[in-house]
Amino acid sequence: MAINLTKGQRIEIGLSKVGVGLGWDPNAGTGYDFDLDASAFMLGENKKLPKDEFFVFYNNPKSPDEAVESSGDDTTGGSSDGDDETLTVDIAKVDPRIQEIIFTVTIHDYEVRKQNFGQVRNSFIRIYNAQNNEEIAKYELDEDFSIETAVEFGRLYKRNGEWKFEAMGIGYKGGLQYFVDKYV
């Protein structure tokens, strides 16, 4: 039975291969598709990328240690199976310099399209066992982010040699560049 997480809640993972699924349903009527982009920032102790290649997204679909891989870019959302974009993490392959992996979602071309998370419904992040697809936990973004265009959904982090997950749900004004500036 999956755990429904609340903002700030933390759980132990205990898996060797973790799937991180992100999903959303776009509201109709904006004149544009909603292109949300899932990304992973693999950070060292200093909360920065050890190298730029540890930023995994649609233009860099695999980390240099081959631990994190993106499913690619879903440009419309509303997938029938629930997950619109996924990031897969092979814990055993994570570079020893990496202490946490931040999962973000941003709205592509939000300025031109005049879009924000207040126009997105049913957005969630879910953690599942990537070997058998069993859902472990789900965090639904139920807060009204009416002006935010970028969200830190959650993070995997290492504590005493064990990997844990924290639901974050922190919204920002800005796009993918905001996170690049924060973590590079």
# chains A, B, ... in the order shown; residues from 1 in each chain; ligands from 1
>>> residues_around(residues="Glu12 in chain A", least_positions_apart="6", cutoff="9 Å", atoms="only C-alpha atoms", output="list in words")
Glu162, Trp163, Lys164 and Phe165 of chain A
>>> residues_around(residues="Val112 in chain A", least_positions_apart="3", cutoff="12 Å", atoms="only C-alpha atoms", output="VMD selection string")
chain A and resid 30 to 34 107 to 109 115 to 116 175
>>> residues_around(residues="range 87-102 of chain A", least_positions_apart="5", cutoff="10 Å", atoms="only C-alpha atoms", output="ChimeraX atom specification")
/A:14-22,38-50,54-57,61-72,127-130,152-159,161-166,168,179,183
>>> closest_residue(among="A:Thr149, A:Val180, A:Tyr139, A:Asn60", to="Asp35 in chain A", atoms="only C-alpha atoms")
A:Thr149
>>> residues_around(residues="Leu5 in chain A", least_positions_apart="5", cutoff="7 Å", atoms="only C-alpha atoms", output="PyMOL selection string")
chain A and resi 137-139+167
>>> write_last_selection(atoms="all heavy atoms", output="short mmCIF file (atom, residue, chain, number, x, y, z; two decimals), in the first residue's frame")
data_model
loop_
_atom_site.label_atom_id
_atom_site.label_comp_id
_atom_site.auth_asym_id
_atom_site.auth_seq_id
_atom_site.Cartn_x
_atom_site.Cartn_y
_atom_site.Cartn_z
N ALA A 137 5.28 5.54 -2.64
CA ALA A 137 4.74 6.77 -2.06
C ALA A 137 4.32 7.72 -3.18
O ALA A 137 4.85 7.67 -4.29
CB ALA A 137 5.77 7.44 -1.16
N LYS A 138 3.38 8.59 -2.84
CA LYS A 138 2.90 9.58 -3.81
C LYS A 138 2.70 10.90 -3.08
O LYS A 138 2.21 10.94 -1.95
CB LYS A 138 1.58 9.12 -4.42
CG LYS A 138 1.09 9.97 -5.56
CD LYS A 138 -0.12 9.31 -6.22
CE LYS A 138 -0.54 10.01 -7.48
NZ LYS A 138 -1.65 9.31 -8.14
N TYR A 139 3.11 11.98 -3.74
CA TYR A 139 2.93 13.31 -3.19
C TYR A 139 2.17 14.13 -4.23
O TYR A 139 2.66 14.35 -5.33
CB TYR A 139 4.27 13.95 -2.86
CG TYR A 139 4.19 15.40 -2.46
CD1 TYR A 139 3.28 15.85 -1.49
CD2 TYR A 139 5.01 16.35 -3.05
CE1 TYR A 139 3.21 17.18 -1.13
CE2 TYR A 139 4.95 17.69 -2.69
CZ TYR A 139 4.05 18.09 -1.74
OH TYR A 139 3.98 19.41 -1.40
N ALA A 167 9.24 14.84 0.47
CA ALA A 167 8.31 15.61 -0.36
C ALA A 167 8.56 17.08 -0.07
O ALA A 167 8.51 17.50 1.09
CB ALA A 167 6.87 15.24 -0.03
#
>>> residues_around(residues="Ser146 in chain A", least_positions_apart="2", cutoff="8 Å", atoms="only C-alpha atoms", output="PyMOL selection string")
chain A and resi 116-119+144+148
>>> select_by_dssp(residues="range 23-159 of chain A", states="alpha helix (DSSP H)", output="ChimeraX atom specification")
/A:110-113
>>> closest_residue(among="A:Leu176, A:Leu36, A:Ile136, A:Ile170", to="Val120 in chain A", atoms="only C-alpha atoms")
A:Leu36
